[in-house]
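Student: Quick one: this structure, given as structure tokens, is what I'll be asking you about.
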There are 2 protein chains.
Amino acid sequence: MQHPWILAAIRSVRPRRGLRLTSCSKLASVKLYTTSPSIARPSPSPTQEAYPANPAVASTMAPKAPKFEIKTPKGTRDWSGPDMVLREKIFKTITDVFKRHGGITIDTPVFELKEILAGKYGEDSKLIYDLADQGGELCSLRYDLTVPFARFLAMNKDVTQIKRYHIAKVYRRDQPAVKKGRMREFYQCDFDIAGVYDPMIPDAEIIRIINEVFESLGWKGKYTIKLNSRKILDGLFQVCGVPDNLIRPISSAVDKLDKMPWADVRKEMVDDKGLAPEAADKIGQYVLLKGKRDLLEQLKKDEALAANPSMQQGFADLDLLFDYLENFGADHTVSFDLSLARGLDYYTGVIYEVVTEGSAPAVPATEEEKQKVAKKKGGKPGDADEDRSDDPTVGIGSVAAGGRYDNLVGMFSGKTQVPCVGISFGIDRIFSIMKASQKQKERKNEVDVFVMAFGGGKDFTGLLKERSQICARLWDAGIKAEFLYKVKPKLQNQFKAAEAGGVPFALILGEDELAQGKAKIKEMGLPEDHPLKEGELISLDNLIEEVKLRIQKKQETDALAAQAEGIHI
Amino acid sequence: MQHPWILAAIRSVRPRRGLRLTSCSKLASVKLYTTSPSIARPSPSPTQEAYPANPAVASTMAPKAPKFEIKTPKGTRDWSGPDMVLREKIFKTITDVFKRHGGITIDTPVFELKEILAGKYGEDSKLIYDLADQGGELCSLRYDLTVPFARFLAMNKDVTQIKRYHIAKVYRRDQPAVKKGRMREFYQCDFDIAGVYDPMIPDAEIIRIINEVFESLGWKGKYTIKLNSRKILDGLFQVCGVPDNLIRPISSAVDKLDKMPWADVRKEMVDDKGLAPEAADKIGQYVLLKGKRDLLEQLKKDEALAANPSMQQGFADLDLLFDYLENFGADHTVSFDLSLARGLDYYTGVIYEVVTEGSAPAVPATEEEKQKVAKKKGGKPGDADEDRSDDPTVGIGSVAAGGRYDNLVGMFSGKTQVPCVGISFGIDRIFSIMKASQKQKERKNEVDVFVMAFGGGKDFTGLLKERSQICARLWDAGIKAEFLYKVKPKLQNQFKAAEAGGVPFALILGEDELAQGKAKIKEMGLPEDHPLKEGELISLDNLIEEVKLRIQKKQETDALAAQAEGIHI
């Protein structure tokens, strides 16, 4: 008999549709009780220095050190800096693929009526965040984007066919493992095709989309799309003698084969779920099989299987699917894997899950390992707030997952069904893998031109007016530009600011050059011996053309360099 | 003495920094108790018809009509279809402006520790949504993006200077007025410049950004940036004899001048807040004044004002600001308006608010009008769930608002201050104005090519394989393409689908043409007499080039047409 918290922990390792995997995100938190004299802030604003504060105003908002820790809630994080830049690029890459396939986006509220979510997630419903009862309707934070989508379809009866994508945050009161990216607030990135169509065509396009997403991200085939069908699994269990009421529990047990050895899974089936040992052994003959179309042909030859009606449906589905995947050129990354079962009840047809290196835990969750972890945790195994980042039995999990769910909309709409098939990408997990393999440094902002003043001596005005006017001209032309918010800036500080932002061009204004209607443009970071290291004088009459020309050239060069390195975004 | 609910209602009319204004969004809701035989859904999926459902699976998720109303929570809505397309365009336009000025984005959690938000919003704190206490930390949904930004700065002491933008949802348990776009979940779109700089340069750039945003949206100067300074207001109140402890309450009263006549505001000051009548009359001489730089010069000549230290600071600020606005070419839409006070306590310097036609309520909230509304509501004036869409004293309000807040970060960080100035755009309100004036029909998706099969008779295969392969080639080249998920589609239905999506090109495959390595490309919606109405045959060898060429030409023509009509996005 397994300890209940261990079971819960293992269950939570395999993400449901949509995953909850950030990884590498450290929860920044500043304890304000402790003083940190090493981190000095600049003295108060010159504005404040020049004008002593009005006491009437100051008294309202006088700064006082708060008596609590300033941090984000457990299992949540802020996104900023290069992490945010990379995440935005990943969003854009994936969105571009969705749009290429006719996807349109919808936006649903972050919270739903409590009743809408109730009964949709099985025992994971305990992980749902509720809003406090402050009068009025009872609401809960969304747990995924699939149930809200089904609710949307049930409400909008004129929408009978839609390819919708939705990138948004979802919420789970799960035990966090922050370093491994298991968060309580995380992004889901879903694409679903809803509507009545000829069989398996949308299912195949979803798999094509999975391929396009990972290829666009530059993963070059280093991922496997594990594929199975609920119809095949159900048929298999029937043939092996699993009673109907045990089909779902046995299915969940099989789903753990990616992190537990077969012996442990068999033990769970027999000891915990009460399956007959001979039925478990029969299942064992099948569920470790993996292959491509050849495996499908092999199963078809198995007379016992071929006689089962659910199995026949599954065979017909996969035959069509493999045909269509070949047409789409999307069959090479697929692995037909009989151990793939997926947790959620609502799947009715094909199911898939995308894995890559690091998806499996470092150590399989054997009985021995589980006890070791339980001991290490020092007798507080059930603490849901405890961070499980150091638990080697917690893997990173799949990077995308989904399947066909034909009956979910009917749970809301009653009679009318809208069959759906979809995929959910685990943005946070994809992010952490991309970040680890990132070669080039991300730019901090997108500014192309930093407008500077050159000069010194006591007559130097700082050229604030001229810098402002030049910037206004650049902005008018849609060019991204900045300047230092300083009346008399030092040249060195202006270069420092441009470098810090990764700005590629400096436009340097000097009084002598301005008198001739000219300014100097200089590409940042050129090597010492480059002929243009010292920059070029350009006429301010042609300012926009001259600047645009250089930005465009630079972009082309950068694109070529990126292509050469095989970086797609 | 005013009825407390009326006061609350008026207070809620003027949005705080960031506004909560969608308008024109009707809360779709479907009562599932009532059957609607007129709305027929297609019969279940062919997949389901072909293969009778497996009883083991079907029993788990059998559709049952739920016993509750399927809808979104009160004061929230779904976004989809053309509304969503337009909203995304507005986001992109605004984001482009932010990036042009060196803005970078951050993302903070939707909920914060309850303590972080506590005490930051004055009496509006009662509108904060709390999460239920399910064990662990107590959290609340964010009320705006400003306090989380201040918390972020306090936590990240290495971030001493940042231009950050953040577009995200915020939450207020306010009385909804859905048709007027007063929602409980709504978007804020904030740009803030944090850090110590020379005075008024960032403040001026924020105003330049406001101009750029509305010009990029095609508003062509049809908006007014109302501008004032807390320093000037505080000085004014001191000179008029307002005691220090009444400065904030009197300031709030003045802020209502955009929807109440002066007589009512004066009454509130004297009767409710206890101000001396002669002080109120002095205030009345000033707060109705509006102008540009000339008003500043006029005030400077007022000896009583010129002697006040806070006023002197305000004069110096605005002198610099007007200089800088001229440099930026951003002074023409500004109105120096002494009645602008803004609600929130945390402002310390310049404040501004952008208004346009329809910002003010249809009917000013006079005593008489308030009583009429109170009567109409039938004695349930305090019901916070009641929709106030039909209340003529509720205006749409400002479309953007902001100001300088130098002390907010210090409320978290204790000693170290980070002065900030920022602006929040009311996306939902901007959306409703744009939607009302929209001329062209938004495309439903971004697909450029719909791949079709032409043929008939009993030997017609439907060319599914060929359509799939051609689509795969287009997708490989990054071209957005679709085809009908039907093995043997009718040509008519394919054209219908392409038209419904607004797809500009049809690529029509026929067996005879394919045998010659050709296909027909046809621009949709050409007039009857157009020479290319029947389409052109292209060689499939040059498929990508031929398609790209036509898409590019079409985009150029569309851009010219849009320019001619003055549509910017």
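Scheme for the structure tokens: letters A, B, ... for chains in order shown; per-chain residue numbers from 1; ligand numbers from 1 in order shown.
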Could you name the residues that touch Tyr347 (chain B) at 7 Å or less, counting only C-alpha atoms, but leaving out those on the same chain fewer than 2 positions away, as number ranges by chain?

Tutor: B: 344-345, 349, 403-405

Student: Take the selection from the previous step and output its residues with N, CA and C atoms, as a PDB file, in the first residue's frame.

Tutor:
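The new file again.pdb reads:
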ATOM      1  N   LEU B 344      -6.441  59.335  -7.007  1.00  0.00           N
ATOM      2  CA  LEU B 344      -5.504  58.613  -6.146  1.00  0.00           C
ATOM      3  C   LEU B 344      -4.571  59.525  -5.364  1.00  0.00           C
ATOM      4  N   ASP B 345      -4.277  59.070  -4.147  1.00  0.00           N
ATOM      5  CA  ASP B 345      -3.421  59.848  -3.256  1.00  0.00           C
ATOM      6  C   ASP B 345      -1.976  59.920  -3.719  1.00  0.00           C
ATOM      7  N   GLY B 349       3.277  65.065  -8.605  1.00  0.00           N
ATOM      8  CA  GLY B 349       3.703  66.126  -9.526  1.00  0.00           C
ATOM      9  C   GLY B 349       2.667  66.360 -10.605  1.00  0.00           C
ATOM     10  N   GLY B 403       0.212  60.282 -14.286  1.00  0.00           N
ATOM     11  CA  GLY B 403       0.899  61.353 -13.592  1.00  0.00           C
ATOM     12  C   GLY B 403       2.185  60.878 -12.945  1.00  0.00           C
ATOM     13  N   ARG B 404       2.770  61.790 -12.156  1.00  0.00           N
ATOM     14  CA  ARG B 404       4.029  61.469 -11.468  1.00  0.00           C
ATOM     15  C   ARG B 404       3.739  61.015 -10.047  1.00  0.00           C
ATOM     16  N   TYR B 405       4.397  59.916  -9.638  1.00  0.00           N
ATOM     17  CA  TYR B 405       4.248  59.400  -8.259  1.00  0.00           C
ATOM     18  C   TYR B 405       5.632  59.022  -7.761  1.00  0.00           C
TER      19      TYR B 405
END

Student: As a PyMOL selection string, please: all residues of region 180-410 of chain A that backbone DSSP puts in strand (DSSP E or B).

Tutor: chain A and resi 182+185-194+224-229+290-291+334-337+350-355+400-405

Student: Pull C-alpha atoms from the residues just selected and write them as an mmCIF file, in the first residue's frame.

Tutor:
data_model
loop_
_atom_site.group_PDB
_atom_site.id
_atom_site.type_symbol
_atom_site.label_atom_id
_atom_site.label_comp_id
_atom_site.auth_asym_id
_atom_site.auth_seq_id
_atom_site.Cartn_x
_atom_site.Cartn_y
_atom_site.Cartn_z
ATOM 1 C CA ARG A 182 6.273 23.717 -11.556
ATOM 2 C CA GLU A 185 0.462 30.498 -12.029
ATOM 3 C CA PHE A 186 1.673 29.470 -15.476
ATOM 4 C CA TYR A 187 0.924 30.008 -19.164
ATOM 5 C CA GLN A 188 -0.980 27.652 -21.376
ATOM 6 C CA CYS A 189 -0.800 28.021 -25.119
ATOM 7 C CA ASP A 190 -3.637 26.124 -26.764
ATOM 8 C CA PHE A 191 -4.730 25.500 -30.333
ATOM 9 C CA ASP A 192 -8.003 23.636 -30.865
ATOM 10 C CA ILE A 193 -10.062 22.764 -33.917
ATOM 11 C CA ALA A 194 -13.760 22.514 -33.088
ATOM 12 C CA THR A 224 9.150 12.878 -30.153
ATOM 13 C CA ILE A 225 5.390 13.087 -30.590
ATOM 14 C CA LYS A 226 4.075 10.113 -28.623
ATOM 15 C CA LEU A 227 0.771 9.051 -30.134
ATOM 16 C CA ASN A 228 -1.981 6.721 -29.031
ATOM 17 C CA SER A 229 -5.759 6.426 -29.186
ATOM 18 C CA LYS A 290 6.404 1.412 -29.376
ATOM 19 C CA GLY A 291 6.742 1.885 -33.119
ATOM 20 C CA VAL A 334 5.660 10.461 -34.439
ATOM 21 C CA SER A 335 5.997 7.404 -32.191
ATOM 22 C CA PHE A 336 2.938 5.177 -31.779
ATOM 23 C CA ASP A 337 3.302 4.374 -28.068
ATOM 24 C CA VAL A 350 -6.295 10.224 -30.478
ATOM 25 C CA ILE A 351 -4.062 11.462 -27.662
ATOM 26 C CA TYR A 352 -0.520 12.754 -27.913
ATOM 27 C CA GLU A 353 2.266 14.107 -25.810
ATOM 28 C CA VAL A 354 5.556 15.651 -26.923
ATOM 29 C CA VAL A 355 8.712 14.756 -25.036
ATOM 30 C CA ALA A 400 3.121 19.715 -25.302
ATOM 31 C CA ALA A 401 0.100 17.474 -24.947
ATOM 32 C CA GLY A 402 -3.439 17.097 -26.204
ATOM 33 C CA GLY A 403 -5.957 14.960 -27.993
ATOM 34 C CA ARG A 404 -9.517 14.635 -29.208
ATOM 35 C CA TYR A 405 -12.417 15.375 -26.845
#

Student: If you measure from CA of Val239 (chain B) to CA of Pro261 (chain B), what distance in Å do you get, rounded to one decimal?

Tutor: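 A separation of 23.0 Å between them.
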
Student: Tell me, as a PyMOL selection string, which residues lie within 9 Å of Glu499 (chain A), counting only C-alpha atoms; anything in the same chain fewer than 4 positions away does not count.

Tutor: chain A and resi 494-495+503-504+524-525

Student: Find the residues around region 319-326 of chain A up to 7 Å (only C-alpha atoms counted), leave out those fewer than 5 positions away in its own chain, and share them as an mmCIF file with N, CA, C and O atoms, in the first residue's frame.

Tutor:
data_model
loop_
_atom_site.group_PDB
_atom_site.id
_atom_site.type_symbol
_atom_site.label_atom_id
_atom_site.label_comp_id
_atom_site.auth_asym_id
_atom_site.auth_seq_id
_atom_site.Cartn_x
_atom_site.Cartn_y
_atom_site.Cartn_z
ATOM 1 N N MET A 200 -10.382 12.556 -38.909
ATOM 2 C CA MET A 200 -8.923 12.541 -38.784
ATOM 3 C C MET A 200 -8.186 13.643 -39.540
ATOM 4 O O MET A 200 -6.976 13.777 -39.363
ATOM 5 N N ILE A 201 -8.870 14.453 -40.369
ATOM 6 C CA ILE A 201 -8.128 15.506 -41.083
ATOM 7 C C ILE A 201 -7.652 16.561 -40.084
ATOM 8 O O ILE A 201 -6.465 16.895 -40.064
ATOM 9 N N ALA A 204 -4.813 15.261 -37.923
ATOM 10 C CA ALA A 204 -3.508 15.245 -38.601
ATOM 11 C C ALA A 204 -2.925 16.652 -38.665
ATOM 12 O O ALA A 204 -1.711 16.835 -38.483
ATOM 13 N N ASP A 331 5.088 12.856 -40.514
ATOM 14 C CA ASP A 331 5.046 11.545 -39.863
ATOM 15 C C ASP A 331 6.362 11.142 -39.209
ATOM 16 O O ASP A 331 6.397 10.226 -38.400
#

Student: Might you pull out every residue within 9 Å of Leu491 (chain A), with only C-alpha atoms counted and same-chain residues fewer than 3 positions away left off, and present them as a PyMOL selection string?

Tutor: chain A and resi 452-455+494-496

Student: Can I get the selection written as a compact mmCIF listing (two decimals), in the first residue's frame, with N, CA and C atoms?

Tutor:
# COMPACT_ATOMS: atom_id res chain seq x y z
N MET A 452 22.83 61.20 -29.09
CA MET A 452 23.77 61.68 -28.07
C MET A 452 24.25 63.10 -28.38
N ALA A 453 24.73 63.75 -27.31
CA ALA A 453 25.35 65.07 -27.48
C ALA A 453 26.84 64.93 -27.21
N PHE A 454 27.65 65.56 -28.06
CA PHE A 454 29.10 65.55 -27.87
C PHE A 454 29.54 66.97 -27.60
N GLY A 455 30.38 67.15 -26.59
CA GLY A 455 30.87 68.50 -26.31
C GLY A 455 31.35 68.57 -24.88
N GLN A 494 26.44 58.39 -22.07
CA GLN A 494 25.49 58.13 -23.14
C GLN A 494 25.85 56.82 -23.85
N PHE A 495 27.15 56.60 -24.06
CA PHE A 495 27.56 55.34 -24.68
C PHE A 495 27.24 54.16 -23.77
N LYS A 496 27.45 54.37 -22.48
CA LYS A 496 27.17 53.31 -21.51
C LYS A 496 25.69 52.90 -21.57

Student: Which of these, B:Gly502, B:Pro309, B:Gly218, B:Pro199, has the shortest distance to chain A once you count only C-alpha atoms?

Tutor: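 With only C-alpha atoms as the atom set, the closest residue is B:Pro199.
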
Student: Can you list, as a list in words, every protein, DNA or RNA residue that comes within 9 Å of Phe149 (chain A) when you count only C-alpha atoms, leaving out same-chain residues fewer than 6 positions away?

Tutor: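 My list of contacting residues is Ile106, Thr108, Arg164 and Val409 of chain A.
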
Student: Name the residues in contact with region 124-128 of chain B at a cut-off of 7 Å, using only C-alpha atoms, excluding same-chain residues fewer than 3 positions from it; report them as a list in words.

Tutor: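 Near neighbours after the sequence-gap exclusion: Tyr121, Ser140, Leu141, Tyr143, Arg172, Arg173 and Asp174 of chain B.
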
Student: When DSSP is applied to the backbone of this structure, which of region 226-294 of chain B are assigned alpha helix (DSSP H)? Write them out as JSON, numbers by chain.

Tutor: {"B": [230, 231, 232, 233, 234, 235, 236, 237, 238, 239, 247, 248, 249, 250, 251, 252, 253, 254, 262, 263, 264, 265, 266, 267, 277, 278, 279, 280, 281, 282, 283, 284, 285, 286, 287, 293, 294]}

Student: Measure the distance from CA of Gln417 (chain B) to CA of Lys231 (chain B) in Å and round it to one decimal.

Tutor: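 Atom-to-atom, CA of Gln417 (chain B) and CA of Lys231 (chain B) are spaced 19.0 Å apart.
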
Student: Using only C-alpha atoms, which of the listed residues (A:Ser216, A:Gln563, A:Thr160, A:Ser539) sits closest to Ala477 (chain B)?

Tutor: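 Using only C-alpha atoms, Ala477 (chain B) sits closest to A:Ser216.
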